[in-house]
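Engineer: Just data13.txt, nothing more (compact mmCIF, C-alpha atoms and all ligand atoms):
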```
# COMPACT_ATOMS: atom_id res chain seq x y z
CA MET A 1083 10.76 -27.88 -18.39
CA THR A 1084 12.84 -25.51 -16.29
CA ALA A 1085 10.96 -23.29 -13.88
CA ILE A 1086 11.99 -19.67 -14.14
CA SER A 1087 12.99 -18.38 -10.71
CA THR A 1088 10.70 -15.60 -9.56
CA GLN A 1089 13.84 -13.86 -8.31
CA SER A 1090 14.58 -12.93 -11.92
CA VAL A 1091 11.19 -11.22 -12.31
CA PRO A 1092 11.71 -7.43 -12.14
CA VAL A 1093 10.02 -5.52 -9.33
CA ILE A 1094 9.40 -1.79 -9.16
CA ALA A 1095 8.92 -0.88 -5.49
CA ILE A 1096 6.94 2.26 -4.72
CA ASP A 1097 6.84 3.25 -1.05
CA GLY A 1098 5.43 6.34 0.57
CA PRO A 1099 2.98 7.77 3.08
CA THR A 1100 -0.77 7.30 3.01
CA ALA A 1101 -2.78 9.14 0.31
CA SER A 1102 0.38 10.16 -1.54
CA GLY A 1103 -1.14 8.95 -4.81
CA LYS A 1104 1.26 6.02 -5.04
CA GLY A 1105 -1.59 3.57 -5.59
CA THR A 1106 -2.78 5.38 -8.70
CA VAL A 1107 0.75 5.89 -9.99
CA ALA A 1108 1.74 2.27 -9.29
CA GLN A 1109 -1.35 0.91 -11.01
CA ARG A 1110 -0.76 3.10 -14.07
CA VAL A 1111 2.91 2.11 -14.28
CA ALA A 1112 1.88 -1.56 -14.06
CA ASP A 1113 -0.67 -1.09 -16.87
CA ALA A 1114 1.88 0.71 -19.07
CA LEU A 1115 4.39 -2.14 -18.70
CA GLY A 1116 1.88 -5.00 -18.64
CA PHE A 1117 3.12 -5.88 -15.12
CA HIS A 1118 1.20 -7.27 -12.15
CA TYR A 1119 0.28 -4.90 -9.36
CA LEU A 1120 0.43 -5.41 -5.59
CA ASP A 1121 -1.48 -3.05 -3.31
CA SER A 1122 0.09 -4.23 -0.05
CA GLY A 1123 -1.91 -1.71 2.00
CA ALA A 1124 -5.06 -3.63 1.02
CA LEU A 1125 -3.77 -6.64 2.99
CA TYR A 1126 -3.36 -4.57 6.16
CA ARG A 1127 -6.77 -3.02 5.54
CA LEU A 1128 -8.22 -6.53 5.18
CA VAL A 1129 -6.73 -7.55 8.54
CA GLY A 1130 -8.23 -4.32 9.94
CA LEU A 1131 -11.66 -5.21 8.57
CA ALA A 1132 -11.60 -8.95 9.34
CA SER A 1133 -10.50 -8.29 12.93
CA LEU A 1134 -13.28 -5.74 13.36
CA GLN A 1135 -15.83 -8.26 12.10
CA ALA A 1136 -14.41 -10.84 14.54
CA GLY A 1137 -14.52 -8.38 17.44
CA ILE A 1138 -10.75 -8.43 17.94
CA SER A 1139 -8.89 -5.39 19.27
CA THR A 1140 -6.05 -3.93 17.18
CA ASP A 1141 -3.89 -4.17 20.35
CA SER A 1142 -4.11 -7.94 20.48
CA GLU A 1143 -1.21 -9.24 18.37
CA GLN A 1144 -1.80 -12.86 19.38
CA ASN A 1145 -5.39 -12.76 18.12
CA LEU A 1146 -4.55 -10.75 15.00
CA VAL A 1147 -1.82 -13.09 13.73
CA PRO A 1148 -4.19 -16.01 12.96
CA ILE A 1149 -6.51 -13.57 11.14
CA ALA A 1150 -3.59 -12.39 8.97
CA GLU A 1151 -2.43 -15.97 8.36
CA LYS A 1152 -5.87 -17.25 7.35
CA LEU A 1153 -7.08 -14.21 5.40
CA ASN A 1154 -9.48 -15.75 2.86
CA VAL A 1155 -9.02 -13.15 0.13
CA ILE A 1156 -9.31 -13.19 -3.64
CA PHE A 1157 -8.19 -10.25 -5.80
CA GLN A 1158 -10.48 -10.32 -8.85
CA GLY A 1159 -9.45 -7.56 -11.24
CA ASP A 1160 -10.07 -4.41 -9.25
CA ARG A 1161 -12.43 -6.15 -6.78
CA VAL A 1162 -11.37 -7.50 -3.39
CA ILE A 1163 -13.35 -10.46 -2.09
CA LEU A 1164 -13.02 -11.44 1.59
CA ALA A 1165 -14.64 -14.75 2.57
CA GLY A 1166 -17.00 -14.47 -0.40
CA GLU A 1167 -17.99 -10.86 0.35
CA ASP A 1168 -17.05 -7.95 -1.94
CA VAL A 1169 -15.21 -5.59 0.43
CA THR A 1170 -13.58 -3.35 -2.23
CA ASP A 1171 -15.28 -0.21 -0.93
CA ALA A 1172 -15.48 -1.23 2.73
CA ILE A 1173 -11.69 -1.45 3.10
CA ARG A 1174 -11.29 2.09 1.70
CA GLN A 1175 -13.13 3.70 4.61
CA GLU A 1176 -11.07 5.88 6.93
CA THR A 1177 -11.99 3.82 10.01
CA ILE A 1178 -10.50 0.74 8.31
CA GLY A 1179 -7.40 2.69 7.16
CA LYS A 1180 -6.84 3.71 10.76
CA ARG A 1181 -7.25 0.13 11.98
CA ALA A 1182 -4.86 -1.01 9.20
CA SER A 1183 -2.12 1.26 10.53
CA GLU A 1184 -2.79 -0.04 14.07
CA VAL A 1185 -2.56 -3.74 13.13
CA ALA A 1186 0.51 -2.99 10.97
CA ILE A 1187 2.68 -2.12 14.00
CA HIS A 1188 2.73 -5.78 15.12
CA PRO A 1189 5.74 -7.78 13.84
CA GLY A 1190 3.71 -11.00 13.92
CA VAL A 1191 1.05 -9.55 11.64
CA ARG A 1192 3.70 -8.24 9.23
CA ALA A 1193 5.48 -11.62 9.18
CA ALA A 1194 2.20 -13.41 8.44
CA LEU A 1195 1.72 -11.31 5.30
CA VAL A 1196 5.23 -11.63 3.78
CA GLY A 1197 4.63 -14.80 1.73
CA ARG A 1198 1.34 -13.54 0.36
CA GLN A 1199 3.03 -10.37 -0.89
CA GLN A 1200 6.03 -12.16 -2.41
CA ALA A 1201 3.67 -14.50 -4.28
CA PHE A 1202 2.60 -11.54 -6.43
CA ARG A 1203 6.05 -11.60 -8.05
CA GLN A 1204 5.12 -13.20 -11.35
CA ALA A 1205 6.41 -12.74 -14.92
CA PRO A 1206 6.67 -10.42 -16.71
CA GLY A 1207 7.07 -8.12 -13.70
CA LEU A 1208 5.51 -6.52 -10.64
CA VAL A 1209 4.84 -3.02 -9.42
CA ALA A 1210 4.49 -3.18 -5.62
CA ASP A 1211 3.05 -0.33 -3.59
CA GLY A 1212 3.38 0.06 0.17
CA ARG A 1213 5.67 1.16 3.01
CA ASP A 1214 8.31 -1.56 3.15
CA MET A 1215 8.40 -2.86 -0.43
CA ALA A 1216 12.02 -1.77 -1.02
CA SER A 1217 13.25 -2.18 2.55
CA VAL A 1218 11.83 -5.62 3.44
CA ILE A 1219 9.57 -7.45 0.97
CA PHE A 1220 11.43 -6.90 -2.33
CA LYS A 1221 14.90 -5.79 -1.24
CA ASP A 1222 16.20 -6.67 -4.72
CA ALA A 1223 13.69 -4.46 -6.57
CA VAL A 1224 15.30 -3.10 -9.73
CA THR A 1225 13.75 0.34 -9.29
CA LYS A 1226 12.95 1.82 -5.88
CA ILE A 1227 10.80 4.91 -5.55
CA PHE A 1228 9.96 6.93 -2.44
CA LEU A 1229 6.84 8.85 -3.41
CA THR A 1230 5.62 11.72 -1.26
CA ALA A 1231 3.41 14.82 -1.36
CA SER A 1232 2.68 17.49 1.24
CA VAL A 1233 0.20 16.45 3.93
CA GLU A 1234 -2.24 19.19 2.80
CA VAL A 1235 -2.27 17.94 -0.80
CA ARG A 1236 -2.64 14.35 0.41
CA ALA A 1237 -5.63 15.30 2.59
CA GLU A 1238 -7.21 17.04 -0.39
CA ARG A 1239 -6.66 13.99 -2.63
CA ARG A 1240 -8.08 11.64 0.00
CA TYR A 1241 -11.06 13.98 0.49
CA LYS A 1242 -11.88 13.87 -3.23
CA GLN A 1243 -11.46 10.06 -3.34
CA LEU A 1244 -13.84 9.58 -0.40
CA ILE A 1245 -16.47 11.97 -1.75
CA ALA A 1246 -16.26 10.29 -5.18
CA LYS A 1247 -16.97 6.93 -3.49
CA GLY A 1248 -20.03 8.41 -1.79
CA PHE A 1249 -18.49 8.54 1.73
CA SER A 1250 -18.74 11.64 3.88
CA ALA A 1251 -15.46 13.40 4.76
CA ASN A 1252 -14.22 16.35 6.79
CA MET A 1253 -10.98 18.09 5.82
CA SER A 1254 -9.71 18.96 9.31
CA VAL A 1255 -10.44 15.47 10.64
CA LEU A 1256 -8.70 13.99 7.58
CA LEU A 1257 -5.62 16.17 8.04
CA GLN A 1258 -5.28 15.16 11.69
CA ASP A 1259 -5.82 11.50 10.80
CA LEU A 1260 -3.12 11.59 8.09
CA ARG A 1261 -0.67 13.22 10.51
CA ASP A 1262 -1.40 10.55 13.14
CA ARG A 1263 -0.99 7.79 10.58
CA ASP A 1264 2.26 9.26 9.23
CA ALA A 1265 3.64 9.33 12.77
CA ARG A 1266 2.53 5.74 13.45
CA ASP A 1267 4.00 4.46 10.16
CA ALA A 1268 7.31 6.33 10.52
CA ASN A 1269 7.90 5.67 14.22
CA ARG A 1270 6.97 1.99 14.61
CA SER A 1271 9.90 -0.29 15.37
CA SER A 1272 8.86 -3.00 12.89
CA SER A 1273 9.50 -2.00 9.22
CA PRO A 1274 8.95 1.76 9.65
CA LEU A 1275 8.25 3.86 6.57
CA LYS A 1276 11.55 5.22 5.34
CA ALA A 1277 13.37 5.78 2.06
CA VAL A 1278 16.06 3.16 1.43
CA GLU A 1279 19.48 4.05 0.11
CA GLY A 1280 19.38 4.31 -3.66
CA ALA A 1281 15.66 5.10 -3.80
CA HIS A 1282 14.51 7.80 -6.22
CA HIS A 1283 12.61 10.52 -4.36
CA LEU A 1284 9.48 11.66 -6.14
CA ASP A 1285 7.60 14.61 -4.60
CA THR A 1286 4.27 14.76 -6.40
CA THR A 1287 2.88 17.81 -4.54
CA SER A 1288 2.70 19.87 -7.71
CA MET A 1289 2.81 17.09 -10.30
CA THR A 1290 0.03 15.60 -12.38
CA ILE A 1291 -0.49 11.83 -12.30
CA ASP A 1292 0.82 11.58 -15.89
CA GLU A 1293 4.04 13.39 -14.95
CA ALA A 1294 4.58 11.11 -11.96
CA VAL A 1295 3.89 7.97 -14.05
CA ASN A 1296 6.27 9.10 -16.80
CA GLN A 1297 9.01 9.85 -14.29
CA VAL A 1298 8.75 6.35 -12.78
CA LEU A 1299 8.78 4.79 -16.27
CA ASP A 1300 11.86 6.85 -17.20
CA TRP A 1301 13.72 5.70 -14.08
CA TYR A 1302 12.75 2.08 -14.75
CA LYS A 1303 13.89 2.23 -18.39
CA ALA A 1304 17.14 3.97 -17.46
CA ARG A 1305 18.06 1.49 -14.71
O1 LIG B 1 -1.48 2.29 1.71
P1 LIG B 1 -2.68 2.24 2.61
O2 LIG B 1 -3.11 3.58 3.13
O3 LIG B 1 -3.81 1.48 2.00
O4 LIG B 1 -2.20 1.39 3.87
C1 LIG B 1 -2.98 1.29 5.04
C2 LIG B 1 -2.05 1.10 6.23
O5 LIG B 1 -1.40 -0.17 6.13
C3 LIG B 1 -0.90 2.11 6.30
O6 LIG B 1 -1.25 3.28 7.05
C4 LIG B 1 0.21 1.35 6.97
O7 LIG B 1 0.14 1.46 8.38
C5 LIG B 1 -0.07 -0.10 6.63
N1 LIG B 1 0.86 -0.61 5.60
C6 LIG B 1 2.07 -1.10 6.04
N2 LIG B 1 2.93 -1.68 5.14
C7 LIG B 1 2.62 -1.74 3.84
C8 LIG B 1 1.39 -1.20 3.38
C9 LIG B 1 0.53 -0.64 4.29
O8 LIG B 1 2.38 -1.03 7.23
N3 LIG B 1 3.46 -2.31 3.01
```
Starting from the coordinates I provided, produce the structure as structure tokens.
Structural biologist:
Amino acid sequence: MTAISTQSVPVIAIDGPTASGKGTVAQRVADALGFHYLDSGALYRLVGLASLQAGISTDSEQNLVPIAEKLNVIFQGDRVILAGEDVTDAIRQETIGKRASEVAIHPGVRAALVGRQQAFRQAPGLVADGRDMASVIFKDAVTKIFLTASVEVRAERRYKQLIAKGFSANMSVLLQDLRDRDARDANRSSSPLKAVEGAHHLDTTSMTIDEAVNQVLDWYKAR
């Protein structure tokens, strides 16, 4: 039997800033095509959470790398299990999102997560959501999308998500936090958030989720 190279498995890379709605769009595109879905931000959030539980500072690259390498995680449908504990909701908290963006600046942490992300590339295809999907992890993605929305709309979307999950949230704190995170993601030296050449720009500020999903599907089909 000949093994099919995973390199031939199509990848749709969707990159963009935090709370841009790319997770929802990516998941819906994956469902529509019957593709697998990678939420790469969840891995950084898991390192943020696991390091917090271990009492490790987000400044300490040398202590964070082993945590990233040994992350004992299982993705079970839409649940995320870390060392036997269901952390699906815990990793969505703002404190963990902030820690995720702090651990993500370290090249060693990023390197430790590369293989885990590439392993999601399985037939019949993958929709990968993150910051460096098109620029680093899946450079040969067949369709590359840079998905954005205004910071105000993103804060509003994140606010609604948090309230729906039963967390408390404050709009002005959220806005400031998103701005800080945008700056950290765009200005770090290791794999900063940026649109690659050839990426389709999708500004979803005044779009519905359905419109955004259909646009991505159209670009994929027209490739
Ligand atoms: O997408 P999400 O908000 O869950 O990501 C949390 C943090 O993880 C981001 O703010 C970013 O700093 C980091 N991240 C990253 N590279 C990715 C995905 C997420 O640096 N591919």
Engineer: Of the candidates A:Leu1260, A:Ala1231, A:Ala1101, A:Ile1178, which shows the shortest atom-to-atom distance to Thr1286 (chain A), using all atoms listed in the file?
Structural biologist: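 Smallest separation from Thr1286 (chain A) among the options: A:Ala1231.
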Engineer: What does the list of residues within 6 Å of ligand LIG 1 (chain B) look like if you count only C-alpha atoms and all ligand atoms, written as a PyMOL selection string?
Structural biologist: chain A and resi 1100+1122-1124+1126-1127+1179+1182-1183+1186+1212-1214+1263+1267
Engineer: Determine the nearest neighbour of Arg1261 (chain A) from the options A:Val1093, A:Ala1150, A:Val1233, A:Ala1114, counting only C-alpha atoms.
Structural biologist: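 That would be A:Val1233, the residue with the smallest distance to Arg1261 (chain A).
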Engineer: Would you please work out which residue, of A:Gln1144, A:Asn1296, A:Asn1269, A:Ser1133, is nearest to Leu1115 (chain A) when using all atoms listed in the file?
Structural biologist: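 Of A:Gln1144, A:Asn1296, A:Asn1269, A:Ser1133, the one nearest Leu1115 (chain A), counting all atoms listed in the file, is A:Asn1296.
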Engineer: List the neighbours of Leu1153 (chain A) out to 10 Å using all atoms listed in the file; skip same-chain residues closer than 5 positions along the sequence, and give me the result as a ChimeraX atom specification.
Structural biologist: /A:1125,1128-1129,1132,1147-1148,1164-1165,1194-1195,1198
Engineer: Considering only C-alpha atoms, return as a short mmCIF file (atom, residue, chain, number, x, y, z; two decimals) with C-alpha atoms, keeping the file's coordinate frame whatever protein or nucleic-acid residues lie within 10 Å of Val1196 (chain A), sequence-local ones (same chain, fewer than 2 positions apart) excluded.
Structural biologist:
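Saved as selection-v2.cif:
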```
data_model
loop_
_atom_site.label_atom_id
_atom_site.label_comp_id
_atom_site.auth_asym_id
_atom_site.auth_seq_id
_atom_site.Cartn_x
_atom_site.Cartn_y
_atom_site.Cartn_z
CA SER A 1122 0.09 -4.23 -0.05
CA GLU A 1151 -2.43 -15.97 8.36
CA VAL A 1191 1.05 -9.55 11.64
CA ARG A 1192 3.70 -8.24 9.23
CA ALA A 1193 5.48 -11.62 9.18
CA ALA A 1194 2.20 -13.41 8.44
CA ARG A 1198 1.34 -13.54 0.36
CA GLN A 1199 3.03 -10.37 -0.89
CA GLN A 1200 6.03 -12.16 -2.41
CA ALA A 1201 3.67 -14.50 -4.28
CA VAL A 1218 11.83 -5.62 3.44
CA ILE A 1219 9.57 -7.45 0.97
CA PHE A 1220 11.43 -6.90 -2.33
#
```
Engineer: Which residues are close to Ser1271 (chain A), i.e. within 10 Å by only C-alpha atoms, leaving aside same-chain residues fewer than 4 positions away? Reply as a list of chain:residue names.
Structural biologist: A:Ile1187, A:His1188, A:Pro1189, A:Arg1266, A:Asp1267, A:Leu1275
Engineer: Rank nothing, just name the residue among A:Ala1237, A:Ala1268, A:Ile1149, A:Leu1299 nearest to Ser1254 (chain A), using all atoms listed in the file.
Structural biologist: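 Among the listed residues, A:Ala1237 lies closest to Ser1254 (chain A).
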Engineer: Would you compute an axis-aligned box for region 1162-1169 of chain A, covering every atom listed for it in the file with 4 Å of margin on each side, and report centre and edge lengths in Å to one decimal as JSON?
Structural biologist:
```
{"center_x": -14.7, "center_y": -10.2, "center_z": -0.4, "size_x": 14.6, "size_y": 17.2, "size_z": 14.0}
```
Engineer: Skipping near chain neighbours, those fewer than 4 positions away, what residues fall within 8 Å of Glu1184 (chain A) using only C-alpha atoms, listed as number ranges by chain?
Structural biologist: A: 1140-1141, 1180, 1266
Engineer: Just C-alpha atoms for this one: save the residues we selected as an mmCIF file, in the coordinates of the input.
Structural biologist:
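part03.cif, written as the output of this step:
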```cif
data_model
loop_
_atom_site.group_PDB
_atom_site.id
_atom_site.type_symbol
_atom_site.label_atom_id
_atom_site.label_comp_id
_atom_site.auth_asym_id
_atom_site.auth_seq_id
_atom_site.Cartn_x
_atom_site.Cartn_y
_atom_site.Cartn_z
ATOM 1 C CA THR A 1140 -6.050 -3.930 17.180
ATOM 2 C CA ASP A 1141 -3.890 -4.170 20.350
ATOM 3 C CA LYS A 1180 -6.840 3.710 10.760
ATOM 4 C CA ARG A 1266 2.530 5.740 13.450
#
```
Engineer: Just checking: using all atoms listed in the file, which residue out of A:Val1209, A:Leu1257, A:Leu1229, A:Val1111 ends up closest to Tyr1241 (chain A)?
Structural biologist: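 With all atoms listed in the file as the atom set, the closest residue is A:Leu1257.
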Engineer: From the set A:Gly1190, A:Ile1227, A:Pro1274, A:Glu1279, which residue has the shortest atom-to-atom contact distance to Trp1301 (chain A), counting only C-alpha atoms?
Structural biologist: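 Selected residue with least distance to Trp1301 (chain A): A:Ile1227.
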Engineer: Just how far from CA of Arg1240 (chain A) is CA of Asp1285 (chain A), in Å to one decimal?
Structural biologist: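 Answer for the CA of Asp1285 (chain A) to CA of Arg1240 (chain A) separation: 16.6 Å.
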Engineer: By how many Å are CA of Ser1272 (chain A) and CA of Glu1143 (chain A) apart?
Structural biologist: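 Atom-to-atom, CA of Ser1272 (chain A) to CA of Glu1143 (chain A), that is 13.1 Å.
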Engineer: What does the distance between CA of Thr1088 (chain A) and CA of Ala1205 (chain A) come to in Å, to one decimal place?
Structural biologist: 7.4 Å
Engineer: Could I get region 1209-1220 of chain A rebuilt with all heavy atoms, written as an mmCIF file, in the frame of the given file?
Structural biologist:
```
data_model
loop_
_atom_site.group_PDB
_atom_site.id
_atom_site.type_symbol
_atom_site.label_atom_id
_atom_site.label_comp_id
_atom_site.auth_asym_id
_atom_site.auth_seq_id
_atom_site.Cartn_x
_atom_site.Cartn_y
_atom_site.Cartn_z
ATOM 1 N N VAL A 1209 4.718 -4.330 -10.051
ATOM 2 C CA VAL A 1209 4.840 -3.020 -9.420
ATOM 3 C C VAL A 1209 4.195 -3.175 -8.044
ATOM 4 O O VAL A 1209 3.024 -3.561 -7.941
ATOM 5 C CB VAL A 1209 4.119 -1.909 -10.221
ATOM 6 C CG1 VAL A 1209 4.317 -0.564 -9.537
ATOM 7 C CG2 VAL A 1209 4.641 -1.862 -11.655
ATOM 8 N N ALA A 1210 4.979 -2.952 -6.986
ATOM 9 C CA ALA A 1210 4.490 -3.180 -5.620
ATOM 10 C C ALA A 1210 4.435 -1.867 -4.870
ATOM 11 O O ALA A 1210 5.412 -1.126 -4.831
ATOM 12 C CB ALA A 1210 5.424 -4.156 -4.904
ATOM 13 N N ASP A 1211 3.278 -1.619 -4.256
ATOM 14 C CA ASP A 1211 3.050 -0.330 -3.590
ATOM 15 C C ASP A 1211 2.845 -0.552 -2.098
ATOM 16 O O ASP A 1211 2.128 -1.463 -1.702
ATOM 17 C CB ASP A 1211 1.867 0.313 -4.328
ATOM 18 C CG ASP A 1211 0.826 1.004 -3.484
ATOM 19 O OD1 ASP A 1211 1.105 1.426 -2.356
ATOM 20 O OD2 ASP A 1211 -0.300 1.136 -3.998
ATOM 21 N N GLY A 1212 3.549 0.219 -1.270
ATOM 22 C CA GLY A 1212 3.380 0.060 0.170
ATOM 23 C C GLY A 1212 4.265 0.957 0.998
ATOM 24 O O GLY A 1212 4.457 2.132 0.672
ATOM 25 N N ARG A 1213 4.788 0.404 2.114
ATOM 26 C CA ARG A 1213 5.670 1.160 3.010
ATOM 27 C C ARG A 1213 7.046 0.516 3.091
ATOM 28 O O ARG A 1213 8.036 1.173 3.310
ATOM 29 C CB ARG A 1213 5.096 1.166 4.446
ATOM 30 C CG ARG A 1213 3.693 1.690 4.574
ATOM 31 C CD ARG A 1213 3.650 3.179 4.256
ATOM 32 N NE ARG A 1213 2.325 3.749 4.487
ATOM 33 C CZ ARG A 1213 1.253 3.521 3.751
ATOM 34 N NH1 ARG A 1213 1.323 2.703 2.717
ATOM 35 N NH2 ARG A 1213 0.112 4.100 4.004
ATOM 36 N N ASP A 1214 7.070 -0.819 2.944
ATOM 37 C CA ASP A 1214 8.310 -1.560 3.150
ATOM 38 C C ASP A 1214 8.638 -2.453 1.953
ATOM 39 O O ASP A 1214 9.264 -3.488 2.091
ATOM 40 C CB ASP A 1214 8.190 -2.431 4.413
ATOM 41 C CG ASP A 1214 7.017 -3.408 4.323
ATOM 42 O OD1 ASP A 1214 6.169 -3.251 3.422
ATOM 43 O OD2 ASP A 1214 6.967 -4.335 5.147
ATOM 44 N N MET A 1215 8.161 -2.047 0.767
ATOM 45 C CA MET A 1215 8.400 -2.860 -0.430
ATOM 46 C C MET A 1215 9.902 -2.946 -0.712
ATOM 47 O O MET A 1215 10.441 -4.029 -0.948
ATOM 48 C CB MET A 1215 7.648 -2.281 -1.641
ATOM 49 C CG MET A 1215 6.129 -2.248 -1.487
ATOM 50 S SD MET A 1215 5.377 -3.876 -1.307
ATOM 51 C CE MET A 1215 5.250 -4.068 0.442
ATOM 52 N N ALA A 1216 10.584 -1.792 -0.703
ATOM 53 C CA ALA A 1216 12.020 -1.770 -1.020
ATOM 54 C C ALA A 1216 12.877 -2.190 0.165
ATOM 55 O O ALA A 1216 13.939 -2.775 -0.008
ATOM 56 C CB ALA A 1216 12.425 -0.367 -1.482
ATOM 57 N N SER A 1217 12.396 -1.927 1.380
ATOM 58 C CA SER A 1217 13.250 -2.180 2.550
ATOM 59 C C SER A 1217 13.151 -3.610 3.072
ATOM 60 O O SER A 1217 14.096 -4.113 3.673
ATOM 61 C CB SER A 1217 12.907 -1.200 3.674
ATOM 62 O OG SER A 1217 11.541 -1.322 4.033
ATOM 63 N N VAL A 1218 12.024 -4.291 2.842
ATOM 64 C CA VAL A 1218 11.830 -5.620 3.440
ATOM 65 C C VAL A 1218 11.353 -6.671 2.421
ATOM 66 O O VAL A 1218 11.980 -7.715 2.256
ATOM 67 C CB VAL A 1218 10.792 -5.561 4.600
ATOM 68 C CG1 VAL A 1218 10.552 -6.941 5.196
ATOM 69 C CG2 VAL A 1218 11.233 -4.580 5.678
ATOM 70 N N ILE A 1219 10.241 -6.397 1.752
ATOM 71 C CA ILE A 1219 9.570 -7.450 0.970
ATOM 72 C C ILE A 1219 10.287 -7.750 -0.346
ATOM 73 O O ILE A 1219 10.437 -8.908 -0.728
ATOM 74 C CB ILE A 1219 8.086 -7.073 0.704
ATOM 75 C CG1 ILE A 1219 7.371 -6.701 2.012
ATOM 76 C CG2 ILE A 1219 7.337 -8.205 0.002
ATOM 77 C CD1 ILE A 1219 7.203 -7.824 3.001
ATOM 78 N N PHE A 1220 10.711 -6.703 -1.058
ATOM 79 C CA PHE A 1220 11.430 -6.900 -2.330
ATOM 80 C C PHE A 1220 12.730 -6.084 -2.286
ATOM 81 O O PHE A 1220 12.867 -5.082 -2.986
ATOM 82 C CB PHE A 1220 10.551 -6.463 -3.512
ATOM 83 C CG PHE A 1220 9.236 -7.187 -3.594
ATOM 84 C CD1 PHE A 1220 8.045 -6.536 -3.291
ATOM 85 C CD2 PHE A 1220 9.173 -8.527 -3.951
ATOM 86 C CE1 PHE A 1220 6.818 -7.197 -3.354
ATOM 87 C CE2 PHE A 1220 7.952 -9.202 -4.017
ATOM 88 C CZ PHE A 1220 6.775 -8.539 -3.715
#
```
